[in-house]
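These notes are about the structure you will find just below.
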Amino acid sequence: MEQKTITLVQNSFEKVKPIAGTAAEIFYSKLFELDPKLKPLFPNSDSSMKEQGNKLMTMLGAAVAGLSNLPALIPVLEGLGKRHVDYKVEASHYDTVGAALLGTLSAGLGDEFTPEIKDAWTTTYTTMAKVMIDASY
Ligand code: HEM
């Protein structure tokens with residue numbers, strides 16, 4: 001991945017961090033709007049949903065921070081992908097989650113979600129998802 005892409009993603013993620021709780025809520029409402037069938041995959045109480053959101057933001061944060069050293073990140077993503085098979089996640093779900101993520105960033109960043117930043121996140125998510133999927137299916 002190009003350094004410019006990494007910098008755009010890292011800088012924009014910094015802006016999402018302070019609103020992580022809200023972003024997590026937006027993310028799950030978008031995700032279940034796109035595919036209500038994904039709901040039963042997640043533990044269903046509101047409190048664990050929030051925790052799940054935090055897990056996602058934490059992992060995304062770690063991934064974003066680790067982008068500069070992709071070789072070190074790869075085994076972590078491979079393990080994560082394999083665990084997702086146990087969570088009943090299918091390869092096709094990655095596109096839905098990607099769309100929910102981009103929608104969340106757009107809502108969270110507003111005008112600052114420029115086409116350039118959108119492209120950078122698309123590349124980042126697609127790269128991460130591909131490593132997870134290739135290790136798992
Ligand atoms: C780049 C993509 C993704 C990242 C970074 C990510 C991150 C995580 C993390 C960090 C966890 C915590 C558990 C663990 O570490 O094993 C988790 C759990 C989970 N993820 Fe993902 N995930 C991704 C894609 C997806 C997709 C496509 C789905 C499909 C709906 C999904 C559904 C779930 C579910 C159901 C759990 C378990 C919930 C629970 O029992 O607490 N994730 N994810």
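For the structure tokens, the naming scheme is as follows: chains receive sequential letters (A, B, ...) according to their order of presentation, residues are indexed from 1 within each chain, and ligands are indexed from 1 in presentation order.
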Sorted by chain and rising residue number, which residues of chain A lie within 9 Å of ligand 1, and what are their closest atom pairs and distances in Å to one decimal, counting only C-alpha atoms and all ligand atoms, as a Markdown table?
```
| residue | atom | partner | partner_atom_place_in_ligand_line | distance |
| --- | --- | --- | --- | --- |
| A:Leu31 | CA | ligand 1 | 30 (C) | 8.1 |
| A:Leu38 | CA | ligand 1 | 30 (C) | 5.6 |
| A:Lys39 | CA | ligand 1 | 30 (C) | 8.1 |
| A:Pro40 | CA | ligand 1 | 35 (C) | 8.1 |
| A:Leu41 | CA | ligand 1 | 35 (C) | 4.5 |
| A:Phe42 | CA | ligand 1 | 35 (C) | 4.5 |
| A:Pro43 | CA | ligand 1 | 40 (O) | 5.6 |
| A:Ser48 | CA | ligand 1 | 41 (O) | 7.5 |
| A:Met49 | CA | ligand 1 | 41 (O) | 8.1 |
| A:Glu51 | CA | ligand 1 | 41 (O) | 8.1 |
| A:Gln52 | CA | ligand 1 | 41 (O) | 5.8 |
| A:Gly53 | CA | ligand 1 | 9 (C) | 8.9 |
| A:Asn54 | CA | ligand 1 | 10 (C) | 8.7 |
| A:Lys55 | CA | ligand 1 | 10 (C) | 5.1 |
| A:Leu56 | CA | ligand 1 | 7 (C) | 4.8 |
| A:Met57 | CA | ligand 1 | 10 (C) | 7.9 |
| A:Thr58 | CA | ligand 1 | 10 (C) | 7.0 |
| A:Met59 | CA | ligand 1 | 10 (C) | 4.7 |
| A:Leu60 | CA | ligand 1 | 5 (C) | 5.3 |
| A:Gly61 | CA | ligand 1 | 5 (C) | 8.9 |
| A:Ala62 | CA | ligand 1 | 5 (C) | 8.9 |
| A:Ala63 | CA | ligand 1 | 5 (C) | 7.2 |
| A:Leu77 | CA | ligand 1 | 5 (C) | 7.6 |
| A:Gly79 | CA | ligand 1 | 16 (O) | 8.0 |
| A:Leu80 | CA | ligand 1 | 16 (O) | 5.4 |
| A:Gly81 | CA | ligand 1 | 23 (C) | 7.6 |
| A:Lys82 | CA | ligand 1 | 16 (O) | 8.5 |
| A:Arg83 | CA | ligand 1 | 16 (O) | 5.3 |
| A:His84 | CA | ligand 1 | 20 (N) | 6.1 |
| A:Asp86 | CA | ligand 1 | 37 (C) | 8.5 |
| A:Tyr87 | CA | ligand 1 | 35 (C) | 5.0 |
| A:Lys88 | CA | ligand 1 | 35 (C) | 6.8 |
| A:Val89 | CA | ligand 1 | 29 (C) | 4.9 |
| A:Glu90 | CA | ligand 1 | 29 (C) | 6.9 |
| A:Ala91 | CA | ligand 1 | 27 (C) | 7.2 |
| A:Ser92 | CA | ligand 1 | 27 (C) | 7.7 |
| A:His93 | CA | ligand 1 | 27 (C) | 4.7 |
| A:Tyr94 | CA | ligand 1 | 27 (C) | 3.6 |
| A:Asp95 | CA | ligand 1 | 27 (C) | 7.0 |
| A:Thr96 | CA | ligand 1 | 27 (C) | 6.9 |
| A:Val97 | CA | ligand 1 | 27 (C) | 5.0 |
| A:Gly98 | CA | ligand 1 | 27 (C) | 7.4 |
| A:Thr124 | CA | ligand 1 | 1 (C) | 8.8 |
| A:Tyr125 | CA | ligand 1 | 1 (C) | 5.8 |
| A:Thr126 | CA | ligand 1 | 1 (C) | 7.8 |
| A:Thr127 | CA | ligand 1 | 1 (C) | 8.4 |
| A:Met128 | CA | ligand 1 | 1 (C) | 5.2 |
| A:Ala129 | CA | ligand 1 | 1 (C) | 4.9 |
| A:Lys130 | CA | ligand 1 | 1 (C) | 8.6 |
| A:Val131 | CA | ligand 1 | 1 (C) | 8.9 |
| A:Met132 | CA | ligand 1 | 1 (C) | 7.3 |
```
Write the residues of the preceding selection, restricted to N, CA and C atoms, as a compact mmCIF listing (two decimals), in the first residue's frame.
```
# COMPACT_ATOMS: atom_id res chain seq x y z
N LEU A 31 -25.28 -1.52 9.26
CA LEU A 31 -25.03 -2.92 8.90
C LEU A 31 -26.34 -3.72 8.88
N LEU A 38 -27.79 -10.48 9.39
CA LEU A 38 -26.52 -10.53 10.12
C LEU A 38 -26.71 -10.37 11.63
N LYS A 39 -27.88 -9.87 12.02
CA LYS A 39 -28.15 -9.58 13.43
C LYS A 39 -27.89 -10.76 14.37
N PRO A 40 -28.41 -11.95 14.04
CA PRO A 40 -28.23 -13.07 14.96
C PRO A 40 -26.77 -13.52 15.13
N LEU A 41 -25.88 -13.05 14.27
CA LEU A 41 -24.47 -13.42 14.41
C LEU A 41 -23.82 -12.74 15.61
N PHE A 42 -24.43 -11.62 16.01
CA PHE A 42 -23.85 -10.85 17.11
C PHE A 42 -24.60 -11.11 18.41
N PRO A 43 -23.88 -11.10 19.53
CA PRO A 43 -24.57 -11.23 20.82
C PRO A 43 -25.60 -10.10 20.91
N SER A 48 -23.71 -5.54 25.10
CA SER A 48 -22.64 -6.28 24.43
C SER A 48 -22.45 -5.77 23.00
N MET A 49 -23.52 -5.20 22.43
CA MET A 49 -23.43 -4.58 21.11
C MET A 49 -22.44 -3.42 21.16
N GLU A 51 -20.06 -3.04 23.32
CA GLU A 51 -18.74 -3.61 23.53
C GLU A 51 -18.17 -4.10 22.19
N GLN A 52 -19.05 -4.73 21.41
CA GLN A 52 -18.67 -5.22 20.10
C GLN A 52 -18.19 -4.06 19.23
N GLY A 53 -18.91 -2.95 19.33
CA GLY A 53 -18.52 -1.76 18.58
C GLY A 53 -17.15 -1.28 19.00
N ASN A 54 -16.91 -1.32 20.31
CA ASN A 54 -15.60 -0.91 20.80
C ASN A 54 -14.51 -1.84 20.29
N LYS A 55 -14.83 -3.15 20.26
CA LYS A 55 -13.85 -4.12 19.74
C LYS A 55 -13.50 -3.79 18.29
N LEU A 56 -14.53 -3.48 17.53
CA LEU A 56 -14.30 -3.18 16.11
C LEU A 56 -13.43 -1.94 15.96
N MET A 57 -13.76 -0.89 16.74
CA MET A 57 -12.99 0.35 16.64
C MET A 57 -11.54 0.12 17.11
N THR A 58 -11.39 -0.68 18.16
CA THR A 58 -10.05 -0.97 18.68
C THR A 58 -9.21 -1.72 17.64
N MET A 59 -9.86 -2.72 17.04
CA MET A 59 -9.16 -3.51 16.03
C MET A 59 -8.83 -2.67 14.80
N LEU A 60 -9.81 -1.86 14.39
CA LEU A 60 -9.55 -0.98 13.24
C LEU A 60 -8.40 -0.03 13.56
N GLY A 61 -8.41 0.47 14.79
CA GLY A 61 -7.35 1.39 15.22
C GLY A 61 -5.99 0.72 15.15
N ALA A 62 -5.94 -0.52 15.66
CA ALA A 62 -4.68 -1.25 15.65
C ALA A 62 -4.25 -1.53 14.20
N ALA A 63 -5.24 -1.88 13.38
CA ALA A 63 -4.94 -2.18 11.98
C ALA A 63 -4.43 -0.94 11.27
N LEU A 77 -4.25 -10.60 11.02
CA LEU A 77 -5.50 -10.59 10.23
C LEU A 77 -5.90 -12.00 9.83
N GLY A 79 -5.36 -14.76 11.52
CA GLY A 79 -5.97 -15.38 12.71
C GLY A 79 -7.36 -14.83 12.96
N LEU A 80 -7.52 -13.53 12.78
CA LEU A 80 -8.82 -12.87 12.98
C LEU A 80 -9.84 -13.43 11.97
N GLY A 81 -9.41 -13.57 10.72
CA GLY A 81 -10.29 -14.12 9.68
C GLY A 81 -10.76 -15.52 10.03
N LYS A 82 -9.84 -16.34 10.51
CA LYS A 82 -10.19 -17.73 10.86
C LYS A 82 -11.18 -17.76 12.02
N ARG A 83 -10.99 -16.88 13.01
CA ARG A 83 -11.95 -16.84 14.12
C ARG A 83 -13.33 -16.43 13.63
N HIS A 84 -13.37 -15.59 12.59
CA HIS A 84 -14.66 -15.15 12.05
C HIS A 84 -15.46 -16.29 11.43
N ASP A 86 -15.72 -19.16 12.80
CA ASP A 86 -16.42 -19.68 13.99
C ASP A 86 -17.60 -18.79 14.38
N TYR A 87 -17.50 -17.50 14.04
CA TYR A 87 -18.61 -16.58 14.33
C TYR A 87 -19.70 -16.68 13.26
N LYS A 88 -19.57 -17.66 12.36
CA LYS A 88 -20.55 -17.89 11.28
C LYS A 88 -20.53 -16.80 10.20
N VAL A 89 -19.41 -16.11 10.10
CA VAL A 89 -19.27 -15.07 9.08
C VAL A 89 -18.90 -15.74 7.75
N GLU A 90 -19.58 -15.32 6.68
CA GLU A 90 -19.30 -15.85 5.35
C GLU A 90 -18.52 -14.82 4.53
N ALA A 91 -17.82 -15.29 3.51
CA ALA A 91 -16.98 -14.40 2.70
C ALA A 91 -17.78 -13.22 2.14
N SER A 92 -19.03 -13.48 1.73
CA SER A 92 -19.84 -12.42 1.11
C SER A 92 -20.19 -11.31 2.12
N HIS A 93 -20.15 -11.62 3.42
CA HIS A 93 -20.49 -10.61 4.42
C HIS A 93 -19.47 -9.47 4.46
N TYR A 94 -18.26 -9.74 3.98
CA TYR A 94 -17.22 -8.71 4.05
C TYR A 94 -17.58 -7.48 3.22
N ASP A 95 -18.26 -7.69 2.09
CA ASP A 95 -18.68 -6.54 1.28
C ASP A 95 -19.70 -5.69 2.04
N THR A 96 -20.61 -6.36 2.73
CA THR A 96 -21.65 -5.64 3.47
C THR A 96 -21.03 -4.82 4.60
N VAL A 97 -20.10 -5.45 5.32
CA VAL A 97 -19.42 -4.74 6.41
C VAL A 97 -18.61 -3.56 5.86
N GLY A 98 -17.98 -3.76 4.70
CA GLY A 98 -17.22 -2.68 4.07
C GLY A 98 -18.12 -1.50 3.74
N THR A 124 -7.84 0.25 1.90
CA THR A 124 -7.43 -0.33 3.18
C THR A 124 -8.34 -1.48 3.59
N TYR A 125 -9.65 -1.23 3.57
CA TYR A 125 -10.59 -2.27 4.00
C TYR A 125 -10.51 -3.48 3.07
N THR A 126 -10.44 -3.24 1.76
CA THR A 126 -10.37 -4.33 0.80
C THR A 126 -9.11 -5.18 1.03
N THR A 127 -8.00 -4.50 1.31
CA THR A 127 -6.75 -5.21 1.56
C THR A 127 -6.87 -6.08 2.81
N MET A 128 -7.41 -5.52 3.88
CA MET A 128 -7.57 -6.27 5.13
C MET A 128 -8.53 -7.44 4.95
N ALA A 129 -9.66 -7.16 4.30
CA ALA A 129 -10.68 -8.20 4.12
C ALA A 129 -10.12 -9.34 3.27
N LYS A 130 -9.33 -9.00 2.25
CA LYS A 130 -8.79 -10.04 1.37
C LYS A 130 -7.86 -10.99 2.15
N VAL A 131 -7.04 -10.42 3.02
CA VAL A 131 -6.14 -11.26 3.83
C VAL A 131 -6.98 -12.18 4.74
N MET A 132 -8.02 -11.62 5.37
CA MET A 132 -8.88 -12.41 6.26
C MET A 132 -9.60 -13.51 5.49
```
- Query: Between atom CA of A:Asp119 and atom CA of A:Lys15, what is the spacing in Å?
  - Reply: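 Between atom CA of A:Lys15 and atom CA of A:Asp119 the gap is 17.0 Å.
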- Item | For atom CA of A:Val76 and atom CA of A:Trp121, the interatomic separation in Å (one decimal) | 19.2 Å
Residue contacts of A:Gln10 (6 Å, only C-alpha atoms) excluding same-chain residues fewer than 3 positions away, as a compact mmCIF listing (two decimals) with C-alpha atoms, in the first residue's frame:
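Result went into result-v5.txt, see below:
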```txt
# COMPACT_ATOMS: atom_id res chain seq x y z
CA THR A 7 -1.41 8.64 5.89
CA PHE A 13 -9.18 7.70 11.74
CA VAL A 64 -4.73 1.43 10.88
```
Residues at most 9 Å from A:Ala100, counting only C-alpha atoms, excluding those fewer than 3 positions away in the same chain, as a PDB file with C-alpha atoms, in the first residue's frame?
```pdb
ATOM      1  CA  ILE A  26     -24.011   4.209  13.326  1.00  0.00           C
ATOM      2  CA  PHE A  27     -22.019   1.253  12.033  1.00  0.00           C
ATOM      3  CA  TYR A  28     -24.329  -1.403  13.475  1.00  0.00           C
ATOM      4  CA  SER A  29     -27.518   0.377  12.488  1.00  0.00           C
ATOM      5  CA  LYS A  30     -26.218   0.679   8.923  1.00  0.00           C
ATOM      6  CA  LEU A  31     -25.033  -2.916   8.896  1.00  0.00           C
ATOM      7  CA  PHE A  32     -28.396  -4.335  10.001  1.00  0.00           C
ATOM      8  CA  LEU A  34     -28.123  -3.432   4.750  1.00  0.00           C
ATOM      9  CA  ASP A  95     -18.682  -6.538   1.280  1.00  0.00           C
ATOM     10  CA  THR A  96     -21.652  -5.638   3.470  1.00  0.00           C
ATOM     11  CA  VAL A  97     -19.424  -4.743   6.408  1.00  0.00           C
ATOM     12  CA  GLY A 103     -21.178   4.775   5.283  1.00  0.00           C
ATOM     13  CA  THR A 104     -20.169   5.263   8.916  1.00  0.00           C
ATOM     14  CA  LEU A 105     -17.030   7.189   8.002  1.00  0.00           C
TER      15      LEU A 105
END
```
- State, in Å with one decimal place, the distance from atom CA of A:Ala23 to atom CA of A:Leu102.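 Computing the Euclidean distance for atom CA of A:Ala23 and atom CA of A:Leu102 yields 11.0 Å.
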- Message: With distances taken over only C-alpha atoms, which residue among A:Pro75, A:Pro115, A:Pro36, A:Gly108 lies nearest A:Glu14?
- Response: A:Gly108
